[in-house]
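coords.txt, holding compact mmCIF, C-alpha atoms:
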```
# COMPACT_ATOMS: atom_id res chain seq x y z
CA MET B 1 -67.19 13.21 64.84
CA TRP B 2 -63.89 12.13 66.39
CA ASP B 3 -65.63 10.62 69.42
CA GLU B 4 -68.01 8.67 67.18
CA LEU B 5 -65.19 7.17 65.12
CA ALA B 6 -62.86 6.44 68.03
CA PRO B 7 -64.34 3.07 69.17
CA ILE B 8 -64.71 1.57 65.69
CA GLY B 9 -62.22 -1.23 65.09
CA ARG B 10 -60.13 -0.44 68.16
CA HIS B 11 -58.48 -3.51 69.67
CA PRO B 12 -58.92 -3.68 73.46
CA ASP B 13 -55.47 -5.12 74.11
CA SER B 14 -53.22 -3.07 71.83
CA GLY B 15 -55.26 0.13 71.79
CA GLY B 16 -54.60 0.26 68.04
CA TYR B 17 -57.02 0.02 65.17
CA ARG B 18 -57.81 -2.97 62.97
CA ARG B 19 -60.04 -1.46 60.32
CA TYR B 20 -59.34 -3.82 57.44
CA ALA B 21 -61.00 -3.59 54.05
CA TRP B 22 -64.43 -5.20 53.70
CA THR B 23 -64.67 -6.27 57.35
CA GLY B 24 -67.21 -5.34 60.00
CA ALA B 25 -65.08 -2.44 61.25
CA ASP B 26 -64.77 -1.14 57.69
CA ALA B 27 -68.55 -1.38 57.27
CA ASP B 28 -69.08 0.61 60.46
CA CYS B 29 -66.71 3.31 59.21
CA ARG B 30 -68.60 3.45 55.92
CA THR B 31 -71.91 3.74 57.75
CA TRP B 32 -70.45 6.63 59.74
CA PHE B 33 -69.32 8.38 56.53
CA GLN B 34 -72.73 8.03 54.93
CA ALA B 35 -74.42 9.39 58.06
CA GLN B 36 -72.13 12.43 58.06
CA ALA B 37 -72.95 13.10 54.42
CA GLU B 38 -76.68 12.78 54.88
CA ALA B 39 -76.69 14.89 58.06
CA ARG B 40 -75.27 17.75 55.98
CA GLY B 41 -77.69 17.32 53.09
CA LEU B 42 -74.96 16.11 50.75
CA THR B 43 -75.58 13.76 47.84
CA TYR B 44 -74.13 10.40 48.86
CA GLU B 45 -72.90 7.71 46.46
CA THR B 46 -70.53 4.77 46.25
CA ASP B 47 -68.57 4.36 43.04
CA ARG B 48 -67.88 1.15 41.13
CA ASN B 49 -64.79 0.43 43.26
CA GLY B 50 -66.43 0.93 46.63
CA ASN B 51 -65.05 4.44 47.22
CA GLN B 52 -67.51 6.72 49.02
CA TRP B 53 -68.47 10.22 47.86
CA ALA B 54 -70.44 13.05 49.46
CA TRP B 55 -71.32 15.85 47.03
CA LEU B 56 -72.26 19.48 47.47
CA GLY B 57 -73.45 20.65 44.07
CA ASP B 58 -73.91 18.70 40.84
CA PRO B 59 -71.60 15.63 40.68
CA LEU B 60 -71.82 15.70 36.88
CA ALA B 61 -70.98 19.38 36.40
CA GLY B 62 -67.22 18.86 36.23
CA ASP B 63 -64.24 20.86 37.52
CA ALA B 64 -65.08 19.71 41.05
CA VAL B 65 -62.90 20.37 44.08
CA VAL B 66 -62.53 17.13 46.05
CA THR B 67 -61.06 16.51 49.48
CA GLY B 68 -60.90 13.52 51.83
CA SER B 69 -58.70 10.56 52.62
CA HIS B 70 -59.35 7.04 53.96
CA LEU B 71 -60.77 5.33 57.07
CA ASP B 72 -59.06 1.92 57.02
CA SER B 73 -55.92 1.17 59.04
CA VAL B 74 -52.75 -0.86 59.20
CA PRO B 75 -52.67 -3.62 61.85
CA ASP B 76 -52.90 -1.89 65.24
CA GLY B 77 -52.60 1.49 63.54
CA GLY B 78 -53.19 4.91 65.04
CA ALA B 79 -56.32 7.01 65.13
CA PHE B 80 -55.15 9.85 62.88
CA ASP B 81 -53.71 8.26 59.72
CA GLY B 82 -56.56 8.58 57.25
CA PRO B 83 -59.48 9.51 59.53
CA LEU B 84 -58.02 12.94 60.31
CA GLY B 85 -58.35 13.83 56.63
CA VAL B 86 -61.96 12.66 56.41
CA VAL B 87 -63.09 14.27 59.68
CA SER B 88 -61.27 17.49 58.77
CA SER B 89 -63.01 17.57 55.40
CA PHE B 90 -66.46 17.50 56.96
CA ALA B 91 -65.34 20.03 59.58
CA ALA B 92 -63.94 22.33 56.87
CA LEU B 93 -67.27 22.23 55.05
CA ASP B 94 -69.02 23.14 58.30
CA GLU B 95 -66.61 26.07 58.69
CA LEU B 96 -67.27 27.30 55.15
CA ARG B 97 -71.00 27.18 55.71
CA ARG B 98 -70.49 29.13 58.94
CA ARG B 99 -68.64 31.75 56.90
CA GLY B 100 -71.48 31.87 54.39
CA ALA B 101 -69.21 30.81 51.53
CA ALA B 102 -70.80 30.76 48.08
CA PHE B 103 -69.55 27.84 46.01
CA SER B 104 -68.86 28.33 42.32
CA ARG B 105 -67.63 24.76 41.76
CA PRO B 106 -68.97 21.40 42.98
CA LEU B 107 -67.35 20.15 46.18
CA ALA B 108 -66.97 16.51 47.22
CA ILE B 109 -65.65 14.66 50.25
CA THR B 110 -64.40 11.14 49.69
CA ASN B 111 -63.33 8.03 51.57
CA PHE B 112 -61.10 5.85 49.40
CA GLY B 113 -61.31 2.15 50.16
CA ASP B 114 -58.46 -0.14 51.21
CA GLU B 115 -55.76 2.54 51.22
CA GLU B 116 -53.44 0.80 53.66
CA GLY B 117 -53.47 -2.61 51.97
CA ALA B 118 -53.45 -4.33 55.36
CA ARG B 119 -55.69 -7.19 54.29
CA PHE B 120 -54.71 -7.94 50.68
CA GLY B 121 -51.12 -6.69 50.66
CA LEU B 122 -51.52 -3.91 48.08
CA ALA B 123 -51.88 -0.29 49.15
CA CYS B 124 -54.40 2.20 47.68
CA VAL B 125 -56.61 -0.43 46.03
CA GLY B 126 -59.63 1.87 45.70
CA SER B 127 -57.74 4.73 44.08
CA ARG B 128 -55.53 2.41 42.00
CA LEU B 129 -58.64 0.78 40.53
CA ALA B 130 -60.23 4.15 39.78
CA ALA B 131 -57.06 5.44 38.13
CA GLY B 132 -56.58 2.28 36.07
CA GLN B 133 -53.32 1.43 37.81
CA LEU B 134 -54.79 -1.87 39.06
CA THR B 135 -56.69 -3.99 36.57
CA LYS B 136 -59.76 -6.00 37.42
CA GLU B 137 -57.84 -9.18 36.60
CA LYS B 138 -54.99 -8.33 38.98
CA ALA B 139 -57.44 -7.24 41.68
CA TYR B 140 -59.19 -10.60 41.43
CA GLU B 141 -55.88 -12.33 42.19
CA LEU B 142 -55.47 -10.56 45.54
CA ARG B 143 -55.98 -12.83 48.57
CA ASP B 144 -55.85 -12.23 52.30
CA ALA B 145 -54.03 -14.37 54.87
CA ASP B 146 -57.01 -16.74 55.04
CA GLY B 147 -57.07 -17.26 51.28
CA ILE B 148 -60.18 -15.13 50.74
CA ARG B 149 -60.04 -13.37 47.39
CA LEU B 150 -60.81 -9.66 47.07
CA PRO B 151 -64.01 -10.19 45.02
CA GLU B 152 -65.31 -12.64 47.60
CA ALA B 153 -64.67 -10.14 50.39
CA MET B 154 -66.36 -7.34 48.47
CA GLU B 155 -69.40 -9.49 47.70
CA ALA B 156 -69.70 -10.59 51.32
CA ALA B 157 -69.72 -6.90 52.29
CA GLY B 158 -72.56 -6.18 49.88
CA TYR B 159 -70.63 -4.73 46.94
CA ASP B 160 -70.53 -5.90 43.33
CA PRO B 161 -67.02 -7.07 42.42
CA GLN B 162 -68.01 -7.39 38.76
CA ALA B 163 -68.23 -3.60 38.53
CA ILE B 164 -64.69 -2.75 39.62
CA GLY B 165 -62.25 -1.14 37.22
CA ALA B 166 -60.94 2.12 35.81
CA ASP B 167 -63.23 5.10 36.26
CA PRO B 168 -61.90 7.78 33.87
CA GLU B 169 -65.27 9.53 33.50
CA ARG B 170 -65.43 10.21 37.24
CA LEU B 171 -61.83 11.38 37.47
CA ALA B 172 -62.35 13.68 34.47
CA ARG B 173 -64.96 15.57 36.50
CA ILE B 174 -62.40 16.44 39.20
CA GLY B 175 -60.58 19.74 38.83
CA ALA B 176 -58.48 19.40 41.99
CA PHE B 177 -58.02 16.89 44.81
CA VAL B 178 -56.60 18.08 48.14
CA GLU B 179 -55.87 15.48 50.83
CA LEU B 180 -55.19 16.48 54.43
CA HIS B 181 -53.10 14.03 56.44
CA VAL B 182 -51.29 13.85 59.74
CA GLU B 183 -47.57 14.20 59.07
CA GLN B 184 -45.74 10.89 59.24
CA GLY B 185 -42.52 12.33 60.54
CA ARG B 186 -41.31 15.30 62.62
CA ALA B 187 -40.45 17.97 60.06
CA LEU B 188 -43.24 20.31 61.19
CA ASP B 189 -42.50 19.71 64.86
CA LEU B 190 -38.86 20.60 64.28
CA SER B 191 -39.75 23.74 62.30
CA GLY B 192 -42.44 24.83 64.76
CA ASP B 193 -45.20 24.92 62.12
CA ARG B 194 -48.67 23.50 62.59
CA VAL B 195 -49.46 22.91 58.91
CA GLY B 196 -47.36 22.14 55.84
CA ILE B 197 -47.81 21.51 52.13
CA ALA B 198 -46.49 18.39 50.41
CA SER B 199 -43.96 18.79 47.62
CA ALA B 200 -43.57 15.17 46.53
CA ILE B 201 -43.93 11.53 47.57
CA TRP B 202 -40.75 9.50 47.46
CA PRO B 203 -40.65 6.51 45.09
CA HIS B 204 -41.37 3.36 47.05
CA GLY B 205 -42.15 -0.31 46.66
CA ARG B 206 -42.62 -3.68 48.30
CA TRP B 207 -40.50 -6.73 47.53
CA ARG B 208 -41.09 -10.30 48.75
CA PHE B 209 -38.00 -12.36 49.59
CA ASP B 210 -38.59 -16.14 49.69
CA PHE B 211 -35.78 -18.00 51.47
CA HIS B 212 -36.12 -21.77 50.86
CA GLY B 213 -34.17 -24.08 53.15
CA GLU B 214 -34.69 -27.51 54.66
CA ALA B 215 -36.98 -28.33 57.57
CA ASN B 216 -35.40 -30.47 60.26
CA HIS B 217 -35.41 -31.15 63.98
CA ALA B 218 -34.12 -28.22 66.07
CA GLY B 219 -32.78 -30.50 68.77
CA THR B 220 -31.03 -33.23 66.79
CA THR B 221 -29.66 -31.53 63.67
CA ARG B 222 -26.04 -30.41 63.97
CA LEU B 223 -25.45 -26.72 63.22
CA VAL B 224 -23.06 -27.58 60.40
CA ASP B 225 -25.71 -29.80 58.75
CA ARG B 226 -28.45 -27.20 58.68
CA ARG B 227 -29.92 -25.27 55.76
CA ASP B 228 -31.63 -22.69 57.94
CA PRO B 229 -33.32 -19.89 55.95
CA MET B 230 -33.89 -17.88 59.12
CA LEU B 231 -30.18 -17.13 59.30
CA THR B 232 -30.17 -15.85 55.73
CA TYR B 233 -33.27 -13.77 56.41
CA ALA B 234 -31.73 -12.27 59.55
CA SER B 235 -28.56 -11.36 57.69
CA THR B 236 -30.65 -9.71 54.98
CA VAL B 237 -32.53 -7.60 57.53
CA LEU B 238 -29.21 -6.26 58.82
CA ALA B 239 -28.00 -5.64 55.27
CA ALA B 240 -31.15 -3.66 54.51
CA ARG B 241 -30.54 -1.37 57.47
CA ALA B 242 -26.90 -0.85 56.51
CA GLU B 243 -27.57 -0.14 52.83
CA ALA B 244 -30.39 2.28 53.61
CA ALA B 245 -28.21 4.17 56.08
CA LEU B 246 -25.42 4.50 53.53
CA ALA B 247 -27.78 5.92 50.90
CA GLY B 248 -29.90 8.19 53.10
CA ALA B 249 -32.96 6.05 52.30
CA VAL B 250 -35.19 3.77 54.35
CA ALA B 251 -35.59 0.00 54.13
CA THR B 252 -37.73 -2.15 56.41
CA PHE B 253 -38.57 -5.81 56.76
CA GLY B 254 -41.82 -5.46 58.68
CA LYS B 255 -43.68 -8.64 57.80
CA ILE B 256 -42.59 -12.28 57.92
CA SER B 257 -44.11 -15.72 57.51
CA VAL B 258 -42.38 -18.95 58.49
CA GLU B 259 -43.03 -22.59 57.55
CA PRO B 260 -43.59 -24.89 59.35
CA ASN B 261 -43.47 -22.25 62.11
CA GLY B 262 -42.68 -24.63 64.95
CA VAL B 263 -40.59 -23.77 68.01
CA ASN B 264 -38.63 -27.02 67.70
CA ALA B 265 -38.35 -27.02 63.91
CA ILE B 266 -35.78 -25.51 61.58
CA PRO B 267 -37.82 -23.61 58.98
CA SER B 268 -38.20 -24.85 55.43
CA LEU B 269 -39.30 -21.42 54.21
CA VAL B 270 -38.94 -17.88 55.53
CA ARG B 271 -40.82 -15.27 53.55
CA GLY B 272 -40.05 -11.63 54.33
CA TRP B 273 -41.47 -8.46 52.84
CA LEU B 274 -39.18 -5.49 52.22
CA ASP B 275 -40.52 -1.95 52.10
CA SER B 276 -38.00 0.55 50.74
CA ARG B 277 -38.24 4.27 49.91
CA ALA B 278 -35.85 7.00 48.84
CA ALA B 279 -35.88 10.59 47.69
CA ASP B 280 -35.20 9.63 44.05
CA GLN B 281 -35.42 6.61 41.79
CA ALA B 282 -31.69 6.09 41.34
CA THR B 283 -31.11 5.91 45.09
CA LEU B 284 -33.98 3.49 45.59
CA ASP B 285 -32.69 1.23 42.80
CA THR B 286 -29.21 1.26 44.34
CA VAL B 287 -30.50 0.32 47.79
CA VAL B 288 -32.78 -2.52 46.67
CA THR B 289 -30.12 -3.94 44.33
CA ALA B 290 -27.57 -3.92 47.13
CA ILE B 291 -29.97 -5.63 49.55
CA GLU B 292 -30.75 -8.36 47.04
CA LYS B 293 -27.03 -8.83 46.29
CA ALA B 294 -26.26 -9.24 50.00
CA ALA B 295 -29.16 -11.67 50.38
CA ARG B 296 -27.98 -13.84 47.49
CA GLU B 297 -24.40 -13.91 48.71
CA ARG B 298 -25.50 -15.06 52.15
CA ALA B 299 -27.99 -17.52 50.61
CA ASP B 300 -25.18 -19.15 48.65
CA GLN B 301 -23.13 -19.40 51.83
CA ASP B 302 -26.02 -20.98 53.77
CA GLY B 303 -27.21 -23.34 51.03
CA ILE B 304 -30.50 -21.46 50.67
CA ASP B 305 -32.54 -20.91 47.51
CA LEU B 306 -33.75 -17.33 47.15
CA ALA B 307 -36.53 -15.85 45.02
CA VAL B 308 -37.28 -12.10 44.99
CA VAL B 309 -40.57 -10.73 43.65
CA ARG B 310 -41.50 -7.05 43.37
CA GLU B 311 -45.12 -6.99 44.52
CA SER B 312 -45.84 -3.28 44.14
CA PHE B 313 -44.12 -0.08 43.13
CA THR B 314 -44.99 3.60 43.00
CA PRO B 315 -42.64 6.04 41.23
CA VAL B 316 -41.85 9.49 42.57
CA VAL B 317 -44.90 11.77 42.66
CA GLU B 318 -44.35 15.48 42.17
CA PHE B 319 -47.55 17.21 43.16
CA GLU B 320 -48.73 19.73 40.59
CA HIS B 321 -46.71 22.89 41.13
CA ALA B 322 -49.48 25.27 40.06
CA LEU B 323 -51.95 23.86 42.58
CA ARG B 324 -49.29 23.68 45.28
CA ASP B 325 -48.29 27.31 44.67
CA GLU B 326 -51.92 28.43 44.65
CA MET B 327 -52.50 26.74 48.00
CA ASN B 328 -49.42 28.44 49.42
CA ARG B 329 -50.67 31.80 48.17
CA ILE B 330 -54.10 31.20 49.73
CA LEU B 331 -52.43 30.35 53.05
CA GLY B 332 -50.29 33.47 53.09
CA GLY B 333 -47.13 32.27 51.39
CA ALA B 334 -45.25 31.23 54.52
CA VAL B 335 -46.28 27.57 54.75
CA PRO B 336 -43.39 25.06 54.73
CA VAL B 337 -43.22 22.71 51.75
CA LEU B 338 -41.91 19.23 52.52
CA GLY B 339 -41.51 15.84 50.93
CA THR B 340 -42.74 12.56 52.39
CA GLY B 341 -41.79 8.93 52.24
CA ALA B 342 -45.37 7.75 52.76
CA GLY B 343 -47.74 6.84 49.93
CA HIS B 344 -51.24 8.30 49.68
CA ASP B 345 -54.31 8.21 47.47
CA ALA B 346 -53.37 11.72 46.34
CA GLY B 347 -50.18 10.28 44.90
CA ILE B 348 -52.02 7.57 42.99
CA LEU B 349 -54.53 10.06 41.54
CA SER B 350 -51.85 12.58 40.56
CA ALA B 351 -51.36 10.95 37.15
CA ALA B 352 -54.97 11.74 36.22
CA VAL B 353 -56.01 14.67 38.45
CA PRO B 354 -54.28 17.81 39.79
CA THR B 355 -53.55 16.79 43.40
CA ALA B 356 -52.03 18.34 46.51
CA MET B 357 -51.67 17.56 50.20
CA LEU B 358 -51.75 19.38 53.53
CA PHE B 359 -49.91 17.96 56.54
CA VAL B 360 -50.81 18.52 60.19
CA ARG B 361 -48.04 18.52 62.78
CA ASN B 362 -47.25 15.24 64.53
CA PRO B 363 -45.22 16.06 67.68
CA THR B 364 -43.84 12.55 68.10
CA GLY B 365 -43.35 11.68 64.44
CA VAL B 366 -44.87 8.28 65.24
CA SER B 367 -47.32 6.80 62.74
CA HIS B 368 -48.79 3.36 62.01
CA SER B 369 -48.86 2.88 65.78
CA PRO B 370 -51.31 3.45 68.64
CA ARG B 371 -48.90 6.21 69.79
CA GLU B 372 -49.70 8.29 66.71
CA PHE B 373 -50.87 11.71 67.87
CA ALA B 374 -51.80 15.23 66.85
CA ALA B 375 -52.81 17.96 69.30
CA GLU B 376 -56.34 19.33 69.09
CA ASP B 377 -55.09 22.88 68.39
CA ASP B 378 -53.02 21.61 65.48
CA CYS B 379 -55.97 19.61 64.14
CA VAL B 380 -58.12 22.75 64.29
CA ALA B 381 -55.37 24.66 62.47
CA GLY B 382 -55.48 21.96 59.80
CA VAL B 383 -59.25 22.28 59.45
CA LEU B 384 -59.01 26.06 59.07
CA ALA B 385 -56.19 25.75 56.53
CA LEU B 386 -58.20 23.21 54.55
CA ALA B 387 -61.27 25.46 54.72
CA ASP B 388 -59.21 28.39 53.40
CA VAL B 389 -57.87 26.27 50.54
CA LEU B 390 -61.31 24.94 49.61
CA GLU B 391 -62.75 28.43 49.75
CA GLY B 392 -59.95 29.75 47.54
CA LEU B 393 -60.43 26.98 45.01
CA ALA B 394 -64.19 26.37 45.02
CA CYS B 395 -65.67 29.76 45.94
CA ARG B 396 -63.91 32.10 43.53
```
Let's see the structure in the file written out as structure tokens.
Amino acid sequence: MWDELAPIGRHPDSGGYRRYAWTGADADCRTWFQAQAEARGLTYETDRNGNQWAWLGDPLAGDAVVTGSHLDSVPDGGAFDGPLGVVSSFAALDELRRRGAAFSRPLAITNFGDEEGARFGLACVGSRLAAGQLTKEKAYELRDADGIRLPEAMEAAGYDPQAIGADPERLARIGAFVELHVEQGRALDLSGDRVGIASAIWPHGRWRFDFHGEANHAGTTRLVDRRDPMLTYASTVLAARAEAALAGAVATFGKISVEPNGVNAIPSLVRGWLDSRAADQATLDTVVTAIEKAARERADQDGIDLAVVRESFTPVVEFEHALRDEMNRILGGAVPVLGTGAGHDAGILSAAVPTAMLFVRNPTGVSHSPREFAAEDDCVAGVLALADVLEGLACR
């Protein structure tokens, strides 16, 4: 399975993946998922929001145990973030069949669409729509860098954008959702464990900072006469690092657009996107407030107009303790429990469904990069742990 997925959407220059929602690479990943489902005799379906499902047992019976993740990527992302969870889910089912497991609950494997938000700027679109956290009206407003709206992209890919929206009936049929994911950090590597259980997802959000200045000639405009928004932006980037370090949080300006974007032109507009996360809401609020305060003070000094817009936000997610404890019991009670600063579909669904996560060791801690890596032995350990959990939940 891993070898079949590996070439899809991989960029020849960077070695990273560009599997963006509703593109050709995304379609190839979806075709792969459907083929895996059908090869195992599973009932395949796509829901109203374009999420894929492969069912063992009656999809309508209720109290189903669901596992899976996503197949899309960030720009030049790694091979493991998302796909490891989907591949491991099919492999865990193969393992359970090898064991001769008898299922007492329906089991499903899923691929949630547009988890990374690389194309339309909002993460977890498929699960947000299903959970009612993203309305059809708001989804229709999403546009990519080329101005293509989400419904247009869906329609071009062969899906019906008129159908999207909350899917409470489907979620009500899920008794538990367990997502396996490569760890996005080094906690397991430092502890020497191959597999861990998630305790919570830090609160996190994305804010857009628009710095409006005055375009002018880079060669003829005196420094003292400039209203250069790039200076204000640069100062804000440094402030974000400093404030995050003080608070024990993280803050990153990872995306920028510049107008008119000429080598010999002072910008008229610099637009930067801040991603910030912290272990609790109060800390996150403190960090973002301090960053905005520093940006406005520097903007006043530079003669720049600043607008700040919160584009997305996810509060802290505490995974259901009963499910988490049951998983730990199934796995022998000695599995480390750790928090994470990364968002996941499991976090979005947690408001409507009992959810939990398994992490597989990442020896470098690198993620969202072609250098992302997990050793084969650790991946196998993750598959076996997932199989044990699914057996404990769905075969009792």
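Taking CA of Val389 in chain B and CA of Asp325 in chain B as endpoints, the distance between them is 11.3 Å.
The coordinates place CA of Arg173 in chain B at 20.4 Å from CA of Cys124 in chain B.
CA of Leu274 in chain B lies 27.7 Å from CA of Arg361 in chain B.
For Pro260 in chain B, the set of protein, DNA and RNA residues having any atom at most 12 Å away, when counting only C-alpha atoms and skipping those fewer than 2 positions along the same chain, is His212, Gly213, Glu214, Ala215, Asn216, His217, Pro229, Met230, Ser257, Val258, Gly262, Val263, Asn264, Ala265, Ile266, Pro267, Ser268, Leu269, Val270 and Arg271 of chain B.
Distances from B:Leu142, B:Ala394, B:Ala279, B:Ala54 to Ser104 in chain B were compared using only C-alpha atoms, and the smallest one belongs to B:Ala394.
Distances from B:Ala342, B:Leu96, B:Leu349, B:Val383 to Gly185 in chain B were compared using all atoms listed in the file, and the smallest one belongs to B:Ala342.
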